[in-house]
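Structure file run.cif; described as mmCIF, C-alpha atoms.
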data_start
#
loop_
_atom_site.group_PDB
_atom_site.id
_atom_site.type_symbol
_atom_site.label_atom_id
_atom_site.label_comp_id
_atom_site.auth_asym_id
_atom_site.auth_seq_id
_atom_site.Cartn_x
_atom_site.Cartn_y
_atom_site.Cartn_z
ATOM 1 C CA ALA A 1 94.946 116.346 107.417
ATOM 2 C CA ARG A 2 93.925 112.938 108.735
ATOM 3 C CA PRO A 3 91.012 112.835 111.155
ATOM 4 C CA LYS A 4 92.242 112.565 114.706
ATOM 5 C CA VAL A 5 89.072 110.916 115.981
ATOM 6 C CA GLY A 6 89.100 107.352 117.206
ATOM 7 C CA TYR A 7 85.945 106.336 115.383
ATOM 8 C CA LEU A 8 84.911 106.783 111.784
ATOM 9 C CA TYR A 9 81.339 106.619 110.632
ATOM 10 C CA SER A 10 80.963 103.913 108.027
ATOM 11 C CA GLY A 11 77.252 103.738 107.442
ATOM 12 C CA ASN A 12 77.753 102.748 103.826
ATOM 13 C CA ASN A 13 80.716 100.562 104.648
ATOM 14 C CA THR A 14 82.891 102.464 102.167
ATOM 15 C CA VAL A 15 85.936 102.402 104.344
ATOM 16 C CA SER A 16 85.676 98.764 105.299
ATOM 17 C CA ILE A 17 85.044 97.766 101.696
ATOM 18 C CA ILE A 18 88.246 99.465 100.580
ATOM 19 C CA SER A 19 90.434 98.040 103.324
ATOM 20 C CA GLU A 20 88.958 94.559 102.963
ATOM 21 C CA HIS A 21 89.470 94.647 99.242
ATOM 22 C CA VAL A 22 93.132 95.554 99.522
ATOM 23 C CA LYS A 23 93.702 92.750 101.978
ATOM 24 C CA ARG A 24 91.342 90.052 100.726
ATOM 25 C CA THR A 25 91.172 90.156 96.940
ATOM 26 C CA LYS A 26 92.629 86.910 95.612
ATOM 27 C CA VAL A 27 94.831 86.338 92.597
ATOM 28 C CA SER A 28 92.080 84.089 91.209
ATOM 29 C CA GLU A 29 89.727 87.096 91.116
ATOM 30 C CA ILE A 30 91.992 89.398 89.106
ATOM 31 C CA LYS A 31 94.036 87.092 86.864
ATOM 32 C CA SER A 32 94.030 87.240 83.064
ATOM 33 C CA MET A 33 94.383 84.559 80.420
ATOM 34 C CA PRO A 34 98.054 83.732 79.852
ATOM 35 C CA VAL A 35 99.603 83.471 76.401
ATOM 36 C CA VAL A 36 101.634 80.277 76.176
ATOM 37 C CA VAL A 37 103.857 78.683 73.538
ATOM 38 C CA ASP A 38 105.827 75.459 73.445
ATOM 39 C CA GLU A 39 109.599 75.656 73.985
ATOM 40 C CA GLN A 40 110.225 74.571 70.372
ATOM 41 C CA THR A 41 108.446 77.669 68.996
ATOM 42 C CA THR A 42 110.733 80.052 67.075
ATOM 43 C CA LEU A 43 111.267 83.598 68.333
ATOM 44 C CA TYR A 44 109.476 84.807 65.218
ATOM 45 C CA ASP A 45 106.327 82.765 65.852
ATOM 46 C CA ALA A 46 106.359 83.743 69.532
ATOM 47 C CA LEU A 47 106.638 87.416 68.492
ATOM 48 C CA VAL A 48 103.605 87.002 66.261
ATOM 49 C CA SER A 49 101.653 85.707 69.304
ATOM 50 C CA LEU A 50 102.979 88.598 71.376
ATOM 51 C CA PHE A 51 101.590 91.091 68.849
ATOM 52 C CA LEU A 52 98.343 89.287 68.097
ATOM 53 C CA GLU A 53 97.485 88.969 71.778
ATOM 54 C CA ASP A 54 99.038 92.330 72.653
ATOM 55 C CA VAL A 55 100.808 91.107 75.778
ATOM 56 C CA GLY A 56 104.143 92.034 77.322
ATOM 57 C CA SER A 57 105.317 88.523 78.081
ATOM 58 C CA ILE A 58 104.721 84.941 77.041
ATOM 59 C CA TYR A 59 104.995 81.792 79.129
ATOM 60 C CA VAL A 60 106.863 78.856 77.665
ATOM 61 C CA LEU A 61 105.731 75.272 78.269
ATOM 62 C CA SER A 62 107.635 72.012 78.139
ATOM 63 C CA HIS A 63 105.406 68.923 78.001
ATOM 64 C CA GLY A 64 102.535 71.145 79.114
ATOM 65 C CA TYR A 65 104.256 72.489 82.239
ATOM 66 C CA LEU A 66 105.833 75.884 82.913
ATOM 67 C CA ALA A 67 109.427 75.942 81.685
ATOM 68 C CA GLY A 68 110.173 79.620 81.093
ATOM 69 C CA VAL A 69 109.153 83.205 80.446
ATOM 70 C CA ILE A 70 110.020 85.519 77.593
ATOM 71 C CA SER A 71 109.328 89.262 77.553
ATOM 72 C CA ARG A 72 109.379 92.123 75.045
ATOM 73 C CA LYS A 73 112.719 93.103 76.545
ATOM 74 C CA ASP A 74 114.144 89.598 75.904
ATOM 75 C CA PHE A 75 112.975 89.732 72.285
ATOM 76 C CA LEU A 76 114.533 93.178 71.768
ATOM 77 C CA LYS A 77 117.808 92.133 73.376
ATOM 78 C CA ASN A 78 118.119 89.062 71.158
ATOM 79 C CA ILE A 79 117.191 90.851 67.966
ATOM 80 C CA MET A 80 119.712 93.594 68.753
ATOM 81 C CA GLY A 81 122.302 90.897 69.408
ATOM 82 C CA GLY A 82 121.789 89.457 65.941
ATOM 83 C CA THR A 83 119.887 86.279 66.854
ATOM 84 C CA ASP A 84 118.151 84.666 63.858
ATOM 85 C CA ILE A 85 114.557 84.904 65.056
ATOM 86 C CA HIS A 86 113.318 82.535 62.338
ATOM 87 C CA LYS A 87 115.521 79.717 63.609
ATOM 88 C CA MET A 88 116.060 80.274 67.326
ATOM 89 C CA PRO A 89 113.567 78.425 69.576
ATOM 90 C CA VAL A 90 112.259 80.357 72.594
ATOM 91 C CA GLY A 91 113.438 77.506 74.816
ATOM 92 C CA LEU A 92 117.063 78.571 74.291
ATOM 93 C CA ILE A 93 116.708 82.224 75.288
ATOM 94 C CA MET A 94 113.883 82.257 77.851
ATOM 95 C CA THR A 95 114.285 82.895 81.553
ATOM 96 C CA ARG A 96 114.128 79.385 82.873
ATOM 97 C CA MET A 97 112.589 77.666 85.912
ATOM 98 C CA PRO A 98 113.406 77.836 88.828
ATOM 99 C CA ASN A 99 114.312 81.491 88.158
ATOM 100 C CA ILE A 100 110.693 82.465 87.548
ATOM 101 C CA VAL A 101 108.642 84.200 90.196
ATOM 102 C CA THR A 102 105.162 82.649 90.315
ATOM 103 C CA THR A 103 101.952 83.134 92.239
ATOM 104 C CA TYR A 104 99.008 80.883 93.178
ATOM 105 C CA PRO A 105 95.258 81.407 92.749
ATOM 106 C CA HIS A 106 94.751 81.522 96.532
ATOM 107 C CA GLU A 107 97.417 84.160 97.180
ATOM 108 C CA THR A 108 96.200 87.729 97.679
ATOM 109 C CA ALA A 109 96.519 90.452 95.065
ATOM 110 C CA LEU A 110 98.710 92.243 97.598
ATOM 111 C CA GLU A 111 101.116 89.294 97.868
ATOM 112 C CA ALA A 112 101.326 89.152 94.073
ATOM 113 C CA ALA A 113 101.922 92.919 93.845
ATOM 114 C CA ILE A 114 104.719 92.666 96.403
ATOM 115 C CA LYS A 115 106.424 89.929 94.343
ATOM 116 C CA ILE A 116 106.114 92.018 91.176
ATOM 117 C CA ILE A 117 107.720 95.047 92.840
ATOM 118 C CA GLU A 118 110.425 93.193 94.780
ATOM 119 C CA HIS A 119 111.556 91.027 91.856
ATOM 120 C CA GLU A 120 111.127 93.824 89.291
ATOM 121 C CA VAL A 121 109.062 91.748 86.871
ATOM 122 C CA ASP A 122 106.116 92.792 84.707
ATOM 123 C CA SER A 123 103.934 89.792 85.421
ATOM 124 C CA LEU A 124 103.682 86.536 87.350
ATOM 125 C CA PRO A 125 102.420 83.245 85.939
ATOM 126 C CA VAL A 126 99.586 81.946 88.124
ATOM 127 C CA VAL A 127 100.349 78.271 88.667
ATOM 128 C CA GLU A 128 99.100 75.087 90.253
ATOM 129 C CA LYS A 129 101.721 72.729 91.631
ATOM 130 C CA PHE A 130 101.851 69.000 90.922
ATOM 131 C CA GLU A 131 104.264 66.489 92.353
ATOM 132 C CA GLU A 132 105.415 63.314 90.719
ATOM 133 C CA LYS A 133 108.240 61.078 91.899
ATOM 134 C CA GLY A 134 109.515 63.830 94.176
ATOM 135 C CA LYS A 135 109.683 66.387 91.362
ATOM 136 C CA GLU A 136 107.547 69.519 91.168
ATOM 137 C CA TYR A 137 105.664 70.577 88.050
ATOM 138 C CA PHE A 138 103.685 73.760 87.518
ATOM 139 C CA LYS A 139 100.610 74.104 85.363
ATOM 140 C CA VAL A 140 99.948 77.666 84.130
ATOM 141 C CA VAL A 141 96.373 78.708 84.922
ATOM 142 C CA GLY A 142 96.628 82.481 84.517
ATOM 143 C CA LYS A 143 98.696 85.601 84.664
ATOM 144 C CA VAL A 144 98.833 88.573 87.013
ATOM 145 C CA SER A 145 100.517 91.699 85.710
ATOM 146 C CA LYS A 146 100.890 95.329 86.742
ATOM 147 C CA THR A 147 97.853 95.909 84.518
ATOM 148 C CA ASN A 148 95.690 93.668 86.735
ATOM 149 C CA ILE A 149 96.937 95.448 89.860
ATOM 150 C CA THR A 150 96.342 98.885 88.321
ATOM 151 C CA ARG A 151 92.815 97.810 87.335
ATOM 152 C CA LEU A 152 92.145 96.655 90.892
ATOM 153 C CA PHE A 153 93.481 99.965 92.223
ATOM 154 C CA VAL A 154 91.037 101.831 89.957
ATOM 155 C CA GLU A 155 88.186 99.606 91.105
ATOM 156 C CA LEU A 156 89.045 100.297 94.764
ATOM 157 C CA GLY A 157 89.358 104.011 94.264
ATOM 158 C CA ARG A 158 86.046 104.247 92.443
ATOM 159 C CA GLN A 159 84.072 102.517 95.210
ATOM 160 C CA LYS A 160 82.030 105.160 96.925
ATOM 161 C CA ALA B 1 82.061 88.845 105.724
ATOM 162 C CA ARG B 2 81.960 92.617 106.024
ATOM 163 C CA PRO B 3 81.235 94.064 109.451
ATOM 164 C CA LYS B 4 77.639 95.179 109.673
ATOM 165 C CA VAL B 5 78.337 97.718 112.417
ATOM 166 C CA GLY B 6 77.955 101.403 111.742
ATOM 167 C CA TYR B 7 81.195 102.353 113.436
ATOM 168 C CA LEU B 8 84.662 100.973 113.013
ATOM 169 C CA TYR B 9 87.347 101.400 115.588
ATOM 170 C CA SER B 10 90.313 103.136 114.029
ATOM 171 C CA GLY B 11 92.561 103.847 116.927
ATOM 172 C CA ASN B 12 95.597 103.601 114.716
ATOM 173 C CA ASN B 13 93.785 105.266 111.827
ATOM 174 C CA THR B 14 94.551 102.318 109.552
ATOM 175 C CA VAL B 15 91.268 102.428 107.727
ATOM 176 C CA SER B 16 91.222 106.162 107.190
ATOM 177 C CA ILE B 17 94.835 106.124 106.046
ATOM 178 C CA ILE B 18 94.051 103.576 103.349
ATOM 179 C CA SER B 19 90.958 105.277 102.016
ATOM 180 C CA GLU B 20 92.556 108.728 102.134
ATOM 181 C CA HIS B 21 95.619 107.445 100.351
ATOM 182 C CA VAL B 22 93.625 105.965 97.491
ATOM 183 C CA LYS B 23 91.746 109.201 97.024
ATOM 184 C CA ARG B 24 94.368 111.825 97.863
ATOM 185 C CA THR B 25 97.772 110.648 96.717
ATOM 186 C CA LYS B 26 98.979 112.998 93.981
ATOM 187 C CA VAL B 27 100.846 112.187 90.798
ATOM 188 C CA SER B 28 103.656 114.436 92.083
ATOM 189 C CA GLU B 29 104.133 112.058 95.034
ATOM 190 C CA ILE B 30 104.527 108.860 93.026
ATOM 191 C CA LYS B 31 106.098 109.940 89.725
ATOM 192 C CA SER B 32 109.459 108.657 88.448
ATOM 193 C CA MET B 33 112.188 110.303 86.408
ATOM 194 C CA PRO B 34 111.319 110.180 82.711
ATOM 195 C CA VAL B 35 113.791 109.072 80.058
ATOM 196 C CA VAL B 36 113.777 111.590 77.218
ATOM 197 C CA VAL B 37 115.511 111.848 73.844
ATOM 198 C CA ASP B 38 115.411 114.445 71.091
ATOM 199 C CA GLU B 39 113.333 113.666 67.990
ATOM 200 C CA GLN B 40 116.503 113.486 65.858
ATOM 201 C CA THR B 41 117.855 110.535 67.888
ATOM 202 C CA THR B 42 118.128 107.287 65.911
ATOM 203 C CA LEU B 43 116.089 104.243 66.915
ATOM 204 C CA TYR B 44 119.361 102.532 67.788
ATOM 205 C CA ASP B 45 120.504 105.247 70.196
ATOM 206 C CA ALA B 46 117.028 105.430 71.740
ATOM 207 C CA LEU B 47 117.109 101.645 72.234
ATOM 208 C CA VAL B 48 120.424 101.958 74.027
ATOM 209 C CA SER B 49 118.793 104.461 76.431
ATOM 210 C CA LEU B 50 115.826 102.113 76.844
ATOM 211 C CA PHE B 51 118.152 99.308 77.932
ATOM 212 C CA LEU B 52 120.531 101.409 80.027
ATOM 213 C CA GLU B 53 117.681 102.978 81.971
ATOM 214 C CA ASP B 54 115.595 99.783 81.898
ATOM 215 C CA VAL B 55 112.327 101.522 81.049
ATOM 216 C CA GLY B 56 109.391 100.454 78.893
ATOM 217 C CA SER B 57 108.918 103.747 77.063
ATOM 218 C CA ILE B 58 110.811 106.872 76.177
ATOM 219 C CA TYR B 59 109.462 110.399 75.729
ATOM 220 C CA VAL B 60 110.563 112.335 72.665
ATOM 221 C CA LEU B 61 111.197 116.072 72.810
ATOM 222 C CA SER B 62 111.148 118.703 70.095
ATOM 223 C CA HIS B 63 112.813 121.992 71.106
ATOM 224 C CA GLY B 64 112.581 120.821 74.698
ATOM 225 C CA TYR B 65 108.839 120.155 74.666
ATOM 226 C CA LEU B 66 106.921 116.880 74.521
ATOM 227 C CA ALA B 67 106.498 115.751 70.912
ATOM 228 C CA GLY B 68 105.992 111.987 71.143
ATOM 229 C CA VAL B 69 106.282 108.662 72.901
ATOM 230 C CA ILE B 70 107.997 105.470 71.821
ATOM 231 C CA SER B 71 107.581 102.099 73.550
ATOM 232 C CA ARG B 72 109.232 98.667 73.495
ATOM 233 C CA LYS B 73 106.326 97.550 71.337
ATOM 234 C CA ASP B 74 106.985 100.342 68.790
ATOM 235 C CA PHE B 75 110.650 99.363 68.623
ATOM 236 C CA LEU B 76 109.797 95.685 68.089
ATOM 237 C CA LYS B 77 107.211 96.487 65.420
ATOM 238 C CA ASN B 78 109.652 98.630 63.435
ATOM 239 C CA ILE B 79 112.524 96.191 63.705
ATOM 240 C CA MET B 80 110.238 93.366 62.559
ATOM 241 C CA GLY B 81 109.113 95.579 59.680
ATOM 242 C CA GLY B 82 112.696 95.975 58.473
ATOM 243 C CA THR B 83 113.289 99.594 59.549
ATOM 244 C CA ASP B 84 116.998 100.546 59.559
ATOM 245 C CA ILE B 85 117.374 101.387 63.236
ATOM 246 C CA HIS B 86 120.769 103.030 62.693
ATOM 247 C CA LYS B 87 119.291 105.612 60.340
ATOM 248 C CA MET B 88 115.645 106.105 61.314
ATOM 249 C CA PRO B 89 115.054 108.990 63.754
ATOM 250 C CA VAL B 90 112.540 108.348 66.556
ATOM 251 C CA GLY B 91 110.629 111.447 65.420
ATOM 252 C CA LEU B 92 109.371 109.570 62.353
ATOM 253 C CA ILE B 93 107.935 106.536 64.105
ATOM 254 C CA MET B 94 106.824 107.823 67.519
ATOM 255 C CA THR B 95 103.228 108.240 68.643
ATOM 256 C CA ARG B 96 102.799 111.960 68.199
ATOM 257 C CA MET B 97 101.085 114.775 70.102
ATOM 258 C CA PRO B 98 98.133 115.311 70.436
ATOM 259 C CA ASN B 99 97.618 111.528 70.500
ATOM 260 C CA ILE B 100 99.485 111.162 73.786
ATOM 261 C CA VAL B 101 97.636 110.746 77.061
ATOM 262 C CA THR B 102 99.287 112.920 79.722
ATOM 263 C CA THR B 103 98.816 113.681 83.395
ATOM 264 C CA TYR B 104 99.645 116.638 85.656
ATOM 265 C CA PRO B 105 101.500 116.769 88.996
ATOM 266 C CA HIS B 106 98.330 117.898 90.815
ATOM 267 C CA GLU B 107 96.119 115.082 89.461
ATOM 268 C CA THR B 108 95.494 112.145 91.786
ATOM 269 C CA ALA B 109 97.150 108.754 91.402
ATOM 270 C CA LEU B 110 93.621 107.425 90.898
ATOM 271 C CA GLU B 111 92.973 109.781 87.958
ATOM 272 C CA ALA B 112 96.281 108.736 86.404
ATOM 273 C CA ALA B 113 95.493 105.028 86.929
ATOM 274 C CA ILE B 114 92.097 105.483 85.266
ATOM 275 C CA LYS B 115 93.751 107.090 82.215
ATOM 276 C CA ILE B 116 96.285 104.244 82.002
ATOM 277 C CA ILE B 117 93.540 101.597 82.062
ATOM 278 C CA GLU B 118 91.064 103.376 79.791
ATOM 279 C CA HIS B 119 93.599 104.306 77.124
ATOM 280 C CA GLU B 120 95.501 101.020 77.443
ATOM 281 C CA VAL B 121 98.929 102.633 77.793
ATOM 282 C CA ASP B 122 101.875 101.581 79.948
ATOM 283 C CA SER B 123 102.751 105.028 81.238
ATOM 284 C CA LEU B 124 101.769 108.689 81.169
ATOM 285 C CA PRO B 125 104.182 111.589 80.809
ATOM 286 C CA VAL B 126 103.684 114.016 83.700
ATOM 287 C CA VAL B 127 103.602 117.457 82.108
ATOM 288 C CA GLU B 128 103.351 121.160 82.825
ATOM 289 C CA LYS B 129 101.508 123.246 80.273
ATOM 290 C CA PHE B 130 102.807 126.504 78.797
ATOM 291 C CA GLU B 131 101.023 128.800 76.382
ATOM 292 C CA GLU B 132 102.634 131.030 73.850
ATOM 293 C CA LYS B 133 100.835 132.918 71.073
ATOM 294 C CA GLY B 134 97.730 130.797 71.553
ATOM 295 C CA LYS B 135 99.667 127.516 71.206
ATOM 296 C CA GLU B 136 100.119 124.976 73.958
ATOM 297 C CA TYR B 137 103.471 123.413 74.871
ATOM 298 C CA PHE B 138 104.132 120.668 77.399
ATOM 299 C CA LYS B 139 107.259 120.317 79.488
ATOM 300 C CA VAL B 140 107.925 116.746 80.703
ATOM 301 C CA VAL B 141 108.501 116.709 84.471
ATOM 302 C CA GLY B 142 108.015 113.032 85.212
ATOM 303 C CA LYS B 143 106.417 109.739 84.370
ATOM 304 C CA VAL B 144 103.682 107.648 85.963
ATOM 305 C CA SER B 145 103.525 104.004 84.947
ATOM 306 C CA LYS B 146 101.734 100.861 86.073
ATOM 307 C CA THR B 147 104.870 100.249 88.160
ATOM 308 C CA ASN B 148 104.243 103.421 90.181
ATOM 309 C CA ILE B 149 100.602 102.454 90.710
ATOM 310 C CA THR B 150 101.549 98.901 91.725
ATOM 311 C CA ARG B 151 104.109 100.312 94.162
ATOM 312 C CA LEU B 152 101.457 102.581 95.681
ATOM 313 C CA PHE B 153 99.073 99.625 95.963
ATOM 314 C CA VAL B 154 101.738 97.693 97.888
ATOM 315 C CA GLU B 155 102.350 100.683 100.152
ATOM 316 C CA LEU B 156 98.615 100.961 100.900
ATOM 317 C CA GLY B 157 98.207 97.269 101.560
ATOM 318 C CA ARG B 158 101.178 97.142 103.902
ATOM 319 C CA GLN B 159 99.929 99.950 106.140
ATOM 320 C CA LYS B 160 98.831 98.355 109.340
#
Serialized structure, structure tokens:
Amino acid sequence: ARPKVGYLYSGNNTVSIISEHVKRTKVSEIKSMPVVVDEQTTLYDALVSLFLEDVGSIYVLSHGYLAGVISRKDFLKNIMGGTDIHKMPVGLIMTRMPNIVTTYPHETALEAAIKIIEHEVDSLPVVEKFEEKGKEYFKVVGKVSKTNITRLFVELGRQK
Amino acid sequence: ARPKVGYLYSGNNTVSIISEHVKRTKVSEIKSMPVVVDEQTTLYDALVSLFLEDVGSIYVLSHGYLAGVISRKDFLKNIMGGTDIHKMPVGLIMTRMPNIVTTYPHETALEAAIKIIEHEVDSLPVVEKFEEKGKEYFKVVGKVSKTNITRLFVELGRQK
């Protein structure tokens, strides 16, 4: 039962606020703090961070730059497979660059949400790119997950 | 830079479609198939379902009705704690009714999203309520997760 009229009254700008929000909200406005560990960290110590911070995935750094991602599912898979979590470093089991889907602070929340859905990942590291001697490096400056998108959806829906 | 005009042209109904969608989409329209196991199932067998179906949480049934929920985090916590996953039934470690946040097919996606954010859960079982001799029973008919909400957000944002 959508209105068939060509014009909608928007005295309080409700409608324009909602549509602008969906299209204009930036990753930088909705991102969370990322949880990061160095690639030498053992699975056990990374798991402790996972629980303490109550996150679903952890970003792994090498020399301060993004090197990989490790998720609850990766931990479970390795534990089930008999990996010694007290000895194995995260660097050996993580999903490794360039196979990580990232986003940038200036991208829109919508662009980030599309990446999350199309690549079937739980979250995207928010990165800033640096170049040195023709090589690219990525600094992790945040994280956008399905939780951030769901929160934004709630915020949109509550605007009245 | 929001338009200050009192009327917005909506010849293609874009704006009204977006705002109506946020407010009117029902849980029944966005729900997924739930993965369910009986409360006697071992943690190991439940984990196999978790991986095969690639879901983040599993709903546990007792006599066909919702009895509990178990998530990747619950599995990890128990494995770390030394639980014998080949012997322990999910019924003994699950989050148990009535401590489960549920939703109904006729609720809106927005109401479901608000529950997910406020109760800090990954998903809600979509249930239908039955009463017998003054007791309430819940049949699981679906699942709404942050993935479903993110997918809806993408759908809204792409409407043009």
Can you turn the PyMOL selection byres ((chain A and resi 80) around 12) into a concrete residue list for this file, as a short mmCIF file (atom, residue, chain, number, x, y, z; two decimals) with C-alpha atoms, keeping the file's coordinate frame?
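Output (selection-v8.cif):
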data_model
loop_
_atom_site.label_atom_id
_atom_site.label_comp_id
_atom_site.auth_asym_id
_atom_site.auth_seq_id
_atom_site.Cartn_x
_atom_site.Cartn_y
_atom_site.Cartn_z
CA LYS A 73 112.72 93.10 76.54
CA ASP A 74 114.14 89.60 75.90
CA PHE A 75 112.98 89.73 72.28
CA LEU A 76 114.53 93.18 71.77
CA LYS A 77 117.81 92.13 73.38
CA ASN A 78 118.12 89.06 71.16
CA ILE A 79 117.19 90.85 67.97
CA GLY A 81 122.30 90.90 69.41
CA GLY A 82 121.79 89.46 65.94
CA THR A 83 119.89 86.28 66.85
CA ASP A 84 118.15 84.67 63.86
CA ILE A 85 114.56 84.90 65.06
CA LEU B 43 116.09 104.24 66.92
CA TYR B 44 119.36 102.53 67.79
CA ASP B 45 120.50 105.25 70.20
CA LEU B 47 117.11 101.64 72.23
CA VAL B 48 120.42 101.96 74.03
CA PHE B 51 118.15 99.31 77.93
CA PHE B 75 110.65 99.36 68.62
CA LEU B 76 109.80 95.68 68.09
CA ILE B 79 112.52 96.19 63.70
CA MET B 80 110.24 93.37 62.56
CA ASP B 84 117.00 100.55 59.56
CA ILE B 85 117.37 101.39 63.24
CA HIS B 86 120.77 103.03 62.69
#
Between A:Gly134, A:Gly56, A:Pro105, A:Pro125, which is the closest to chain B once you count all atoms listed in the file?
A:Gly56
Two-atom distance - atom CA of Val36 of chain A, atom CA of Lys135 of chain A (Å)
22.1 Å
Evaluating the PyMOL selection byres ((chain A and resi 98-104) around 6) on the displayed file yields which residues, as a VMD selection string?
chain A and resid 96 to 97 105 to 107 124 to 127
If you apply the PyMOL selection byres ((chain B and resi 37) around 12) to this file, what residues do you get, as a PyMOL selection string?
chain B and resi 34-36+38-50+57-70+89-91+94+140
In Å, how far is it from atom CA of Glu53 of chain A to atom CA of Met33 of chain A?
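Here the two named atoms are 10.2 Å from each other.
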Considering only C-alpha atoms, state which residue in the set A:Thr147, A:Thr25, A:Thr95, A:Ser71 is at the smallest distance from chain B.
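Result for the nearest residue to chain B: A:Thr147.
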Atomic distance atom CA of Lys31 of chain B - atom CA of Glu132 of chain B, expressed in Å with one decimal:
26.6 Å
Shortest contact to chain A, candidates B:Val55, B:Leu110, B:Val121, B:Val141, atoms counted all atoms listed in the file, goes to B:Leu110
Nearest to Ser32 of chain B by atom-to-atom distance, counting only C-alpha atoms, from B:Val144, B:Ile117, B:Met88, B:Ile93
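Of B:Val144, B:Ile117, B:Met88, B:Ile93, the one nearest Ser32 of chain B, counting only C-alpha atoms, is B:Val144.
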Per-axis box centre and lengths in Å around segment 39-51 of chain A, 4 Å margin per side, axis-aligned, as lines of an AutoDock Vina configuration file:
center_x = 106.4
center_y = 82.8
center_z = 69.6
size_x = 17.7
size_y = 24.5
size_z = 16.8
Residue nearest chain B - candidates A:Arg151, A:Lys139, A:Lys87, A:His119, atoms counted: only C-alpha atoms
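The shortest atom-to-atom distance to chain B comes from A:Arg151.
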Can you work out which one of A:Ala113, A:Lys129, A:Ser28, A:Ser123 has the shortest atom-to-atom distance to Asn148 of chain B, counting all atoms listed in the file?
A:Ala113
Could N, CA and C atoms be built for segment 141-152 of chain B and written out as a short mmCIF file (atom, residue, chain, number, x, y, z; two decimals), keeping the file's coordinate frame?
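Writing the result to out22.cif gives the following:
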data_model
loop_
_atom_site.label_atom_id
_atom_site.label_comp_id
_atom_site.auth_asym_id
_atom_site.auth_seq_id
_atom_site.Cartn_x
_atom_site.Cartn_y
_atom_site.Cartn_z
N VAL B 141 107.90 116.61 83.14
CA VAL B 141 108.50 116.71 84.47
C VAL B 141 108.50 115.36 85.21
N GLY B 142 108.03 114.33 84.55
CA GLY B 142 108.02 113.03 85.21
C GLY B 142 107.29 111.99 84.40
N LYS B 143 107.04 110.88 85.03
CA LYS B 143 106.42 109.74 84.37
C LYS B 143 105.65 108.93 85.41
N VAL B 144 104.43 108.55 85.08
CA VAL B 144 103.68 107.65 85.96
C VAL B 144 103.32 106.41 85.17
N SER B 145 103.76 105.26 85.66
CA SER B 145 103.52 104.00 84.95
C SER B 145 102.74 103.05 85.83
N LYS B 146 102.39 101.90 85.28
CA LYS B 146 101.73 100.86 86.07
C LYS B 146 102.64 100.42 87.23
N THR B 147 103.95 100.58 87.06
CA THR B 147 104.87 100.25 88.16
C THR B 147 104.63 101.18 89.35
N ASN B 148 104.48 102.48 89.09
CA ASN B 148 104.24 103.42 90.18
C ASN B 148 102.92 103.12 90.89
N ILE B 149 101.91 102.75 90.12
CA ILE B 149 100.60 102.45 90.71
C ILE B 149 100.69 101.17 91.54
N THR B 150 101.40 100.17 91.00
CA THR B 150 101.55 98.90 91.72
C THR B 150 102.31 99.13 93.03
N ARG B 151 103.34 99.99 92.96
CA ARG B 151 104.11 100.31 94.16
C ARG B 151 103.23 100.98 95.22
N LEU B 152 102.37 101.89 94.77
CA LEU B 152 101.46 102.58 95.68
C LEU B 152 100.48 101.59 96.30
#
